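Coordinates as given in coords-v4.json (JSON, N, CA and C atoms and all ligand atoms):
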[["chain", "number", "residue", "atom", "x", "y", "z"],
["A", 1, "MET", "N", -3.72, 17.74, 14.53],
["A", 1, "MET", "CA", -3.74, 16.69, 13.49],
["A", 1, "MET", "C", -5.13, 16.07, 13.42],
["A", 2, "ASP", "N", -5.63, 15.97, 12.23],
["A", 2, "ASP", "CA", -6.92, 15.32, 12.00],
["A", 2, "ASP", "C", -6.85, 13.88, 12.54],
["A", 3, "PRO", "N", -7.77, 13.49, 13.40],
["A", 3, "PRO", "CA", -7.64, 12.17, 14.05],
["A", 3, "PRO", "C", -7.75, 10.98, 13.09],
["A", 4, "GLU", "N", -8.25, 11.20, 11.89],
["A", 4, "GLU", "CA", -8.35, 10.02, 11.02],
["A", 4, "GLU", "C", -7.01, 9.67, 10.38],
["A", 5, "TRP", "N", -5.98, 10.51, 10.57],
["A", 5, "TRP", "CA", -4.65, 10.19, 10.04],
["A", 5, "TRP", "C", -3.83, 9.51, 11.13],
["A", 6, "LEU", "N", -3.29, 8.36, 10.80],
["A", 6, "LEU", "CA", -2.50, 7.59, 11.75],
["A", 6, "LEU", "C", -1.03, 7.76, 11.42],
["A", 7, "GLU", "N", -0.22, 8.08, 12.41],
["A", 7, "GLU", "CA", 1.22, 8.19, 12.18],
["A", 7, "GLU", "C", 1.81, 6.79, 12.12],
["A", 8, "VAL", "N", 2.42, 6.47, 11.00],
["A", 8, "VAL", "CA", 2.93, 5.11, 10.77],
["A", 8, "VAL", "C", 4.39, 4.98, 11.19],
["A", 9, "GLY", "N", 5.13, 6.07, 11.11],
["A", 9, "GLY", "CA", 6.55, 6.04, 11.45],
["A", 9, "GLY", "C", 7.34, 6.77, 10.40],
["A", 10, "HIS", "N", 8.66, 6.58, 10.43],
["A", 10, "HIS", "CA", 9.52, 7.26, 9.48],
["A", 10, "HIS", "C", 9.53, 6.55, 8.14],
["A", 11, "LEU", "N", 9.78, 7.32, 7.11],
["A", 11, "LEU", "CA", 9.90, 6.74, 5.77],
["A", 11, "LEU", "C", 10.92, 5.61, 5.77],
["A", 12, "GLU", "N", 12.01, 5.80, 6.49],
["A", 12, "GLU", "CA", 13.08, 4.79, 6.52],
["A", 12, "GLU", "C", 12.64, 3.50, 7.22],
["A", 13, "ASP", "N", 11.54, 3.53, 7.94],
["A", 13, "ASP", "CA", 11.05, 2.30, 8.58],
["A", 13, "ASP", "C", 10.43, 1.35, 7.57],
["A", 14, "ILE", "N", 10.11, 1.86, 6.39],
["A", 14, "ILE", "CA", 9.53, 1.02, 5.35],
["A", 14, "ILE", "C", 10.66, 0.64, 4.39],
["A", 15, "PRO", "N", 10.89, -0.65, 4.16],
["A", 15, "PRO", "CA", 11.98, -0.99, 3.25],
["A", 15, "PRO", "C", 11.71, -0.48, 1.84],
["A", 16, "ARG", "N", 12.74, 0.06, 1.19],
["A", 16, "ARG", "CA", 12.58, 0.50, -0.19],
["A", 16, "ARG", "C", 12.22, -0.72, -1.04],
["A", 17, "LEU", "N", 11.28, -0.56, -1.96],
["A", 17, "LEU", "CA", 10.77, -1.66, -2.80],
["A", 17, "LEU", "C", 10.09, -2.73, -1.96],
["A", 18, "GLY", "N", 9.64, -2.36, -0.78],
["A", 18, "GLY", "CA", 8.94, -3.29, 0.09],
["A", 18, "GLY", "C", 7.78, -2.59, 0.76],
["A", 19, "ALA", "N", 7.33, -3.18, 1.86],
["A", 19, "ALA", "CA", 6.15, -2.65, 2.53],
["A", 19, "ALA", "C", 6.22, -2.93, 4.02],
["A", 20, "ARG", "N", 5.38, -2.24, 4.71],
["A", 20, "ARG", "CA", 5.21, -2.47, 6.14],
["A", 20, "ARG", "C", 3.70, -2.60, 6.38],
["A", 21, "VAL", "N", 3.32, -3.50, 7.25],
["A", 21, "VAL", "CA", 1.89, -3.74, 7.48],
["A", 21, "VAL", "C", 1.42, -2.96, 8.69],
["A", 22, "VAL", "N", 0.31, -2.25, 8.53],
["A", 22, "VAL", "CA", -0.33, -1.57, 9.64],
["A", 22, "VAL", "C", -1.62, -2.33, 9.93],
["A", 23, "ARG", "N", -1.72, -2.83, 11.15],
["A", 23, "ARG", "CA", -2.91, -3.61, 11.52],
["A", 23, "ARG", "C", -3.94, -2.67, 12.11],
["A", 24, "THR", "N", -5.13, -2.68, 11.58],
["A", 24, "THR", "CA", -6.21, -1.88, 12.13],
["A", 24, "THR", "C", -7.33, -2.84, 12.53],
["A", 25, "PRO", "N", -8.28, -2.37, 13.34],
["A", 25, "PRO", "CA", -9.38, -3.26, 13.73],
["A", 25, "PRO", "C", -10.14, -3.79, 12.52],
["A", 26, "GLN", "N", -10.17, -3.03, 11.43],
["A", 26, "GLN", "CA", -10.92, -3.47, 10.25],
["A", 26, "GLN", "C", -10.13, -4.46, 9.41],
["A", 27, "GLU", "N", -8.86, -4.14, 9.16],
["A", 27, "GLU", "CA", -8.08, -4.97, 8.25],
["A", 27, "GLU", "C", -6.61, -4.58, 8.32],
["A", 28, "ASP", "N", -5.78, -5.41, 7.68],
["A", 28, "ASP", "CA", -4.37, -5.09, 7.57],
["A", 28, "ASP", "C", -4.16, -4.22, 6.32],
["A", 29, "ILE", "N", -3.37, -3.18, 6.50],
["A", 29, "ILE", "CA", -3.08, -2.26, 5.40],
["A", 29, "ILE", "C", -1.59, -2.31, 5.12],
["A", 30, "ALA", "N", -1.23, -2.51, 3.86],
["A", 30, "ALA", "CA", 0.18, -2.54, 3.47],
["A", 30, "ALA", "C", 0.59, -1.16, 2.98],
["A", 31, "VAL", "N", 1.65, -0.63, 3.57],
["A", 31, "VAL", "CA", 2.17, 0.67, 3.17],
["A", 31, "VAL", "C", 3.47, 0.42, 2.41],
["A", 32, "PHE", "N", 3.50, 0.82, 1.15],
["A", 32, "PHE", "CA", 4.61, 0.50, 0.24],
["A", 32, "PHE", "C", 5.50, 1.71, 0.02],
["A", 33, "ARG", "N", 6.77, 1.44, -0.24],
["A", 33, "ARG", "CA", 7.72, 2.52, -0.57],
["A", 33, "ARG", "C", 8.40, 2.16, -1.89],
["A", 34, "THR", "N", 8.37, 3.09, -2.82],
["A", 34, "THR", "CA", 8.98, 2.83, -4.13],
["A", 34, "THR", "C", 10.47, 3.22, -4.11],
["A", 35, "ALA", "N", 11.12, 2.92, -5.22],
["A", 35, "ALA", "CA", 12.54, 3.28, -5.35],
["A", 35, "ALA", "C", 12.72, 4.79, -5.23],
["A", 36, "GLY", "N", 11.72, 5.54, -5.69],
["A", 36, "GLY", "CA", 11.81, 7.00, -5.65],
["A", 36, "GLY", "C", 11.23, 7.59, -4.38],
["A", 37, "ASP", "N", 11.03, 6.76, -3.37],
["A", 37, "ASP", "CA", 10.50, 7.21, -2.07],
["A", 37, "ASP", "C", 9.07, 7.72, -2.13],
["A", 38, "GLU", "N", 8.32, 7.25, -3.12],
["A", 38, "GLU", "CA", 6.87, 7.51, -3.07],
["A", 38, "GLU", "C", 6.26, 6.46, -2.15],
["A", 39, "VAL", "N", 5.17, 6.81, -1.50],
["A", 39, "VAL", "CA", 4.54, 5.90, -0.55],
["A", 39, "VAL", "C", 3.06, 5.72, -0.93],
["A", 40, "PHE", "N", 2.61, 4.47, -0.92],
["A", 40, "PHE", "CA", 1.22, 4.14, -1.26],
["A", 40, "PHE", "C", 0.71, 3.13, -0.25],
["A", 41, "ALA", "N", -0.61, 3.05, -0.12],
["A", 41, "ALA", "CA", -1.19, 2.08, 0.81],
["A", 41, "ALA", "C", -2.38, 1.37, 0.18],
["A", 42, "LEU", "N", -2.40, 0.06, 0.35],
["A", 42, "LEU", "CA", -3.49, -0.79, -0.15],
["A", 42, "LEU", "C", -3.87, -1.78, 0.92],
["A", 43, "ARG", "N", -5.13, -2.24, 0.86],
["A", 43, "ARG", "CA", -5.51, -3.38, 1.71],
["A", 43, "ARG", "C", -4.55, -4.52, 1.41],
["A", 44, "ASP", "N", -4.09, -5.20, 2.47],
["A", 44, "ASP", "CA", -3.06, -6.23, 2.28],
["A", 44, "ASP", "C", -3.67, -7.54, 1.79],
["A", 45, "LYS", "N", -4.44, -7.43, 0.73],
["A", 45, "LYS", "CA", -5.10, -8.61, 0.17],
["A", 45, "LYS", "C", -5.16, -8.47, -1.33],
["A", 46, "CYS", "N", -4.58, -9.42, -2.01],
["A", 46, "CYS", "CA", -4.61, -9.40, -3.47],
["A", 46, "CYS", "C", -6.05, -9.61, -3.96],
["A", 47, "PRO", "N", -6.46, -8.89, -5.03],
["A", 47, "PRO", "CA", -7.81, -9.08, -5.55],
["A", 47, "PRO", "C", -8.01, -10.45, -6.19],
["A", 48, "HIS", "N", -6.93, -11.19, -6.41],
["A", 48, "HIS", "CA", -7.08, -12.52, -7.01],
["A", 48, "HIS", "C", -7.58, -13.51, -5.96],
["A", 49, "LYS", "N", -6.70, -13.94, -5.06],
["A", 49, "LYS", "CA", -7.13, -14.90, -4.03],
["A", 49, "LYS", "C", -6.69, -14.49, -2.64],
["A", 50, "GLY", "N", -6.51, -13.20, -2.46],
["A", 50, "GLY", "CA", -6.24, -12.69, -1.12],
["A", 50, "GLY", "C", -4.80, -12.81, -0.65],
["A", 51, "GLY", "N", -3.87, -12.99, -1.57],
["A", 51, "GLY", "CA", -2.46, -13.08, -1.18],
["A", 51, "GLY", "C", -1.98, -11.81, -0.49],
["A", 52, "PRO", "N", -0.92, -11.94, 0.34],
["A", 52, "PRO", "CA", -0.41, -10.78, 1.09],
["A", 52, "PRO", "C", 0.45, -9.88, 0.20],
["A", 53, "LEU", "N", -0.15, -8.80, -0.26],
["A", 53, "LEU", "CA", 0.59, -7.90, -1.17],
["A", 53, "LEU", "C", 1.81, -7.30, -0.50],
["A", 54, "SER", "N", 1.77, -7.19, 0.83],
["A", 54, "SER", "CA", 2.91, -6.60, 1.55],
["A", 54, "SER", "C", 4.16, -7.45, 1.37],
["A", 55, "GLN", "N", 4.00, -8.71, 0.96],
["A", 55, "GLN", "CA", 5.18, -9.56, 0.78],
["A", 55, "GLN", "C", 5.60, -9.64, -0.67],
["A", 56, "GLY", "N", 4.98, -8.81, -1.51],
["A", 56, "GLY", "CA", 5.35, -8.77, -2.92],
["A", 56, "GLY", "C", 6.54, -7.86, -3.14],
["A", 57, "ILE", "N", 6.97, -7.82, -4.40],
["A", 57, "ILE", "CA", 8.09, -6.97, -4.78],
["A", 57, "ILE", "C", 7.53, -5.73, -5.46],
["A", 58, "VAL", "N", 7.99, -4.57, -5.01],
["A", 58, "VAL", "CA", 7.57, -3.31, -5.61],
["A", 58, "VAL", "C", 8.47, -3.00, -6.79],
["A", 59, "HIS", "N", 7.87, -2.59, -7.90],
["A", 59, "HIS", "CA", 8.65, -2.15, -9.06],
["A", 59, "HIS", "C", 7.87, -1.02, -9.70],
["A", 60, "ASP", "N", 8.55, 0.03, -10.07],
["A", 60, "ASP", "CA", 7.89, 1.25, -10.54],
["A", 60, "ASP", "C", 6.79, 1.63, -9.53],
["A", 61, "ARG", "N", 5.56, 1.77, -10.01],
["A", 61, "ARG", "CA", 4.46, 2.08, -9.08],
["A", 61, "ARG", "C", 3.51, 0.89, -9.00],
["A", 62, "SER", "N", 4.08, -0.30, -8.95],
["A", 62, "SER", "CA", 3.27, -1.52, -8.89],
["A", 62, "SER", "C", 3.89, -2.48, -7.89],
["A", 63, "VAL", "N", 3.06, -3.47, -7.49],
["A", 63, "VAL", "CA", 3.58, -4.55, -6.66],
["A", 63, "VAL", "C", 3.14, -5.86, -7.30],
["A", 64, "THR", "N", 4.04, -6.84, -7.30],
["A", 64, "THR", "CA", 3.70, -8.15, -7.83],
["A", 64, "THR", "C", 3.36, -9.06, -6.65],
["A", 65, "CYS", "N", 2.18, -9.65, -6.71],
["A", 65, "CYS", "CA", 1.72, -10.52, -5.63],
["A", 65, "CYS", "C", 2.62, -11.75, -5.53],
["A", 66, "PRO", "N", 2.99, -12.14, -4.31],
["A", 66, "PRO", "CA", 3.91, -13.28, -4.17],
["A", 66, "PRO", "C", 3.26, -14.62, -4.51],
["A", 67, "LEU", "N", 1.95, -14.70, -4.57],
["A", 67, "LEU", "CA", 1.34, -16.02, -4.79],
["A", 67, "LEU", "C", 1.27, -16.43, -6.26],
["A", 68, "HIS", "N", 0.67, -15.59, -7.09],
["A", 68, "HIS", "CA", 0.51, -16.00, -8.50],
["A", 68, "HIS", "C", 0.94, -14.89, -9.46],
["A", 69, "ASN", "N", 1.70, -13.96, -8.94],
["A", 69, "ASN", "CA", 2.34, -12.94, -9.79],
["A", 69, "ASN", "C", 1.40, -11.96, -10.47],
["A", 70, "TRP", "N", 0.22, -11.76, -9.95],
["A", 70, "TRP", "CA", -0.57, -10.65, -10.47],
["A", 70, "TRP", "C", 0.16, -9.36, -10.13],
["A", 71, "CYS", "N", 0.01, -8.38, -11.01],
["A", 71, "CYS", "CA", 0.65, -7.09, -10.80],
["A", 71, "CYS", "C", -0.43, -6.06, -10.46],
["A", 72, "ILE", "N", -0.29, -5.41, -9.33],
["A", 72, "ILE", "CA", -1.30, -4.47, -8.85],
["A", 72, "ILE", "C", -0.72, -3.06, -8.87],
["A", 73, "HIS", "N", -1.47, -2.13, -9.47],
["A", 73, "HIS", "CA", -1.01, -0.74, -9.50],
["A", 73, "HIS", "C", -1.18, -0.12, -8.11],
["A", 74, "LEU", "N", -0.10, 0.45, -7.59],
["A", 74, "LEU", "CA", -0.16, 1.01, -6.24],
["A", 74, "LEU", "C", -1.01, 2.28, -6.18],
["A", 75, "ASP", "N", -1.05, 3.02, -7.28],
["A", 75, "ASP", "CA", -1.77, 4.29, -7.22],
["A", 75, "ASP", "C", -3.27, 4.13, -7.43],
["A", 76, "SER", "N", -3.73, 2.96, -7.86],
["A", 76, "SER", "CA", -5.17, 2.77, -8.07],
["A", 76, "SER", "C", -5.70, 1.53, -7.36],
["A", 77, "GLY", "N", -4.83, 0.60, -7.02],
["A", 77, "GLY", "CA", -5.28, -0.66, -6.43],
["A", 77, "GLY", "C", -5.79, -1.65, -7.47],
["A", 78, "LYS", "N", -5.71, -1.27, -8.75],
["A", 78, "LYS", "CA", -6.26, -2.14, -9.80],
["A", 78, "LYS", "C", -5.21, -3.13, -10.30],
["A", 79, "ALA", "N", -5.69, -4.29, -10.69],
["A", 79, "ALA", "CA", -4.80, -5.29, -11.29],
["A", 79, "ALA", "C", -4.46, -4.85, -12.71],
["A", 80, "ARG", "N", -3.24, -5.18, -13.13],
["A", 80, "ARG", "CA", -2.83, -4.83, -14.49],
["A", 80, "ARG", "C", -3.50, -5.80, -15.47],
["A", 81, "ALA", "N", -4.05, -5.25, -16.54],
["A", 81, "ALA", "CA", -4.70, -6.08, -17.56],
["A", 81, "ALA", "C", -3.68, -7.09, -18.10],
["A", 82, "PRO", "N", -4.09, -8.30, -18.50],
["A", 82, "PRO", "CA", -5.49, -8.72, -18.68],
["A", 82, "PRO", "C", -6.17, -9.16, -17.39],
["A", 83, "ASP", "N", -5.48, -9.16, -16.25],
["A", 83, "ASP", "CA", -6.15, -9.54, -15.01],
["A", 83, "ASP", "C", -7.13, -8.42, -14.63],
["A", 84, "GLU", "N", -8.14, -8.80, -13.89],
["A", 84, "GLU", "CA", -9.18, -7.84, -13.53],
["A", 84, "GLU", "C", -9.47, -7.90, -12.05],
["A", 85, "GLY", "N", -9.78, -6.75, -11.49],
["A", 85, "GLY", "CA", -10.10, -6.68, -10.07],
["A", 85, "GLY", "C", -9.32, -5.57, -9.44],
["A", 86, "SER", "N", -9.69, -5.24, -8.22],
["A", 86, "SER", "CA", -8.95, -4.19, -7.53],
["A", 86, "SER", "C", -9.07, -4.40, -6.04],
["A", 87, "THR", "N", -8.12, -3.80, -5.34],
["A", 87, "THR", "CA", -8.15, -3.83, -3.89],
["A", 87, "THR", "C", -8.33, -2.42, -3.37],
["A", 88, "VAL", "N", -8.71, -2.29, -2.12],
["A", 88, "VAL", "CA", -9.01, -0.98, -1.56],
["A", 88, "VAL", "C", -7.71, -0.18, -1.38],
["A", 89, "ARG", "N", -7.80, 1.09, -1.67],
["A", 89, "ARG", "CA", -6.64, 1.97, -1.55],
["A", 89, "ARG", "C", -6.86, 2.94, -0.39],
["A", 90, "TYR", "N", -5.77, 3.38, 0.21],
["A", 90, "TYR", "CA", -5.82, 4.37, 1.29],
["A", 90, "TYR", "C", -4.88, 5.52, 0.94],
["A", 91, "ASP", "N", -5.24, 6.69, 1.37],
["A", 91, "ASP", "CA", -4.35, 7.84, 1.14],
["A", 91, "ASP", "C", -3.22, 7.83, 2.16],
["A", 92, "VAL", "N", -2.08, 8.30, 1.68],
["A", 92, "VAL", "CA", -0.89, 8.39, 2.53],
["A", 92, "VAL", "C", -0.28, 9.76, 2.30],
["A", 93, "ARG", "N", 0.30, 10.34, 3.31],
["A", 93, "ARG", "CA", 1.08, 11.55, 3.08],
["A", 93, "ARG", "C", 2.35, 11.49, 3.90],
["A", 94, "VAL", "N", 3.37, 12.15, 3.38],
["A", 94, "VAL", "CA", 4.67, 12.15, 4.04],
["A", 94, "VAL", "C", 5.02, 13.59, 4.37],
["A", 95, "GLU", "N", 5.29, 13.84, 5.64],
["A", 95, "GLU", "CA", 5.69, 15.18, 6.08],
["A", 95, "GLU", "C", 6.97, 15.05, 6.87],
["A", 96, "ASN", "N", 8.01, 15.74, 6.43],
["A", 96, "ASN", "CA", 9.31, 15.67, 7.12],
["A", 96, "ASN", "C", 9.73, 14.21, 7.33],
["A", 97, "ARG", "N", 9.52, 13.42, 6.32],
["A", 97, "ARG", "CA", 9.89, 11.99, 6.29],
["A", 97, "ARG", "C", 9.12, 11.16, 7.32],
["A", 98, "THR", "N", 8.05, 11.71, 7.85],
["A", 98, "THR", "CA", 7.15, 10.92, 8.69],
["A", 98, "THR", "C", 5.93, 10.57, 7.85],
["A", 99, "VAL", "N", 5.51, 9.30, 7.93],
["A", 99, "VAL", "CA", 4.44, 8.79, 7.08],
["A", 99, "VAL", "C", 3.13, 8.79, 7.87],
["A", 100, "TYR", "N", 2.08, 9.33, 7.25],
["A", 100, "TYR", "CA", 0.75, 9.33, 7.84],
["A", 100, "TYR", "C", -0.20, 8.58, 6.91],
["A", 101, "LEU", "N", -1.03, 7.75, 7.52],
["A", 101, "LEU", "CA", -1.97, 6.93, 6.75],
["A", 101, "LEU", "C", -3.39, 7.35, 7.09],
["A", 102, "SER", "N", -4.19, 7.58, 6.06],
["A", 102, "SER", "CA", -5.61, 7.85, 6.28],
["A", 102, "SER", "C", -6.33, 6.53, 6.49],
["A", 103, "LEU", "N", -7.17, 6.47, 7.50],
["A", 103, "LEU", "CA", -7.88, 5.22, 7.76],
["A", 103, "LEU", "C", -9.23, 5.16, 7.06],
["A", 104, "SER", "N", -9.47, 6.11, 6.16],
["A", 104, "SER", "CA", -10.70, 6.06, 5.37],
["A", 104, "SER", "C", -10.39, 5.46, 4.01],
["A", 105, "PRO", "N", -10.96, 4.32, 3.69],
["A", 105, "PRO", "CA", -10.66, 3.71, 2.39],
["A", 105, "PRO", "C", -11.11, 4.61, 1.24],
["A", 106, "VAL", "N", -10.35, 4.58, 0.16],
["A", 106, "VAL", "CA", -10.72, 5.32, -1.04],
["A", 106, "VAL", "C", -11.39, 4.31, -1.97],
["A", 107, "ALA", "N", -12.56, 4.63, -2.45],
["A", 107, "ALA", "CA", -13.27, 3.69, -3.32],
["A", 107, "ALA", "C", -12.44, 3.41, -4.56],
["A", 108, "PRO", "N", -12.37, 2.15, -4.99],
["A", 108, "PRO", "CA", -11.55, 1.84, -6.17],
["A", 108, "PRO", "C", -12.11, 2.49, -7.43],
["A", 201, "LIG", "S1", -3.49, -14.26, -4.75],
["A", 201, "LIG", "FE1", -2.35, -12.68, -5.66],
["A", 201, "LIG", "S2", -1.96, -13.36, -7.63],
["A", 201, "LIG", "FE2", -3.15, -14.92, -6.74]]

Entire entry expressed as C-alpha cells:
Amino acid sequence: MDPEWLEVGHLEDIPRLGARVVRTPQEDIAVFRTAGDEVFALRDKCPHKGGPLSQGIVHDRSVTCPLHNWCIHLDSGKARAPDEGSTVRYDVRVENRTVYLSLSPVAP
C-alpha cells in the first residue's frame, strides 16, 4: 500500500449523511458519506468563517455548514454560488468497504 494513503476504517464507521473527522498533524479532515455511499473528504473548515463542516448535514453531494448555512460541494470543495470560496479537498477511495484517505491535498 502506498504510504500516503491512510486507512480510515469501514464505510459503516461513517454515519450516512454525516462525517467522521480524521486528525492529522497538519489539520483535521472531514470524511463524508452520502446517501448513495459515496465518500468525499474536505478540510474540516468552512471557507466562510472556519465552521466545522464535519458537523453539517450532507445532502446530495454537498454539505451545509452548521454555522451560517453555506453549502459546500463535496466533490470540489467550492461554495455554492452566490457564496464564494473553497476549502481543500482530499482524495478518498473505498476498497471492499474499507475507506482510504490520501493525505496529499488536492488544489481547489
Ligand atoms: S462558517 Fe460556515 S457558513 Fe459561516

For the interface of chain A with ligand LIG 201 (chain A) (cut-off 7 Å, counting only C-alpha atoms and all ligand atoms), please tabulate each contacting residue of chain A alongside its nearest pair of atoms and their separation in Å to one decimal, rows sorted by chain and increasing number, as CSV.
residue,atom,partner,partner_atom,distance
A:Cys46,CA,A:LIG201,FE1,4.5
A:Pro47,CA,A:LIG201,FE1,6.5
A:His48,CA,A:LIG201,S1,4.6
A:Lys49,CA,A:LIG201,S1,3.8
A:Gly50,CA,A:LIG201,S1,4.8
A:Gly51,CA,A:LIG201,S1,3.9
A:Cys65,CA,A:LIG201,FE1,4.6
A:Pro66,CA,A:LIG201,FE1,6.5
A:Leu67,CA,A:LIG201,FE2,5.0
A:His68,CA,A:LIG201,S2,3.7
A:Asn69,CA,A:LIG201,S2,4.8
A:Trp70,CA,A:LIG201,S2,4.2

Query raised in the report: Skipping near chain neighbours, those fewer than 6 positions away, what residues fall within 6.5 Å of range 94-97 of chain A using all atoms listed in the file, listed as a list in words?
Result: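 Once the adjacent positions are removed, what remains is Gly9, His10, Leu11 and Glu12 of chain A.
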
Query raised in the report: DSSP on the backbone: what in chain A comes out strand (DSSP E), as a ChimeraX atom specification?
Result: /A:5-10,18-23,28-33,39-43,57-59,62-64,71-73,89-95,98-106

Report task. Work out how far atom N of Glu7 in chain A is from atom N of Val58 in chain A, in Å to one decimal. Result -> 23.0 Å

Query - Test item: residues at most 8 Å from Ile14 in chain A, all atoms listed in the file, excluding those fewer than 6 positions along its chain, as number ranges by chain - result: A: 20-21, 31-34

Requested in this report: For Val88 in chain A, work out the shell of residues within 6 Å, counting only N, CA and C atoms and skipping chain neighbours fewer than 4 positions away, then give it as a VMD selection string.
Outcome: chain A and resid 41 to 43 77 106 108

Requested in this report: Skip Asp28 in chain A itself and residues of its chain fewer than 4 positions away, then list as a ChimeraX atom specification all residues within 10 Å of it, counting only C-alpha atoms.
Outcome: /A:21-24,42-45,52,54

Query raised in the report: What is the distance between CA of Val8 in chain A and atom N of Gly85 in chain A, in Å to one decimal?
Result: 28.2 Å

Query raised in the report: For the atom pair atom N of Glu38 in chain A and CA of Ala81 in chain A, what is the interatomic distance in Å to one decimal place?
Result: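 Computed distance, atom N of Glu38 in chain A to CA of Ala81 in chain A, equals 23.6 Å.
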
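The residues of chain A that DSSP assigns to helix (DSSP H, G or I) on this backbone come out as A:Leu11, A:Glu12, A:Asp13, A:Leu53, A:Ser54, A:Gln55.
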
Report task. Go through A:Ala35, A:Tyr90, A:Gln55, A:Ala79 and flag the residue nearest Ser104 in chain A, using all atoms listed in the file for the distances. Result ->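 Using all atoms listed in the file, the shortest distance to Ser104 in chain A belongs to A:Tyr90.
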
Query raised in the report: Do you know which residues are at most 9 Å from His73 in chain A counting only C-alpha atoms, after dropping those on the same chain fewer than 3 positions away, and could you put them as a PyMOL selection string?
Result: chain A and resi 61-64+76-80+86

Around all the atoms of range 51-69 of chain A listed in the file, with 4 Å of room on each side, what axis-aligned box do you get, giving centre and edge lengths in Å to one decimal, as JSON?
{"center_x": 2.4, "center_y": -7.2, "center_z": -4.5, "size_x": 20.5, "size_y": 26.5, "size_z": 20.1}
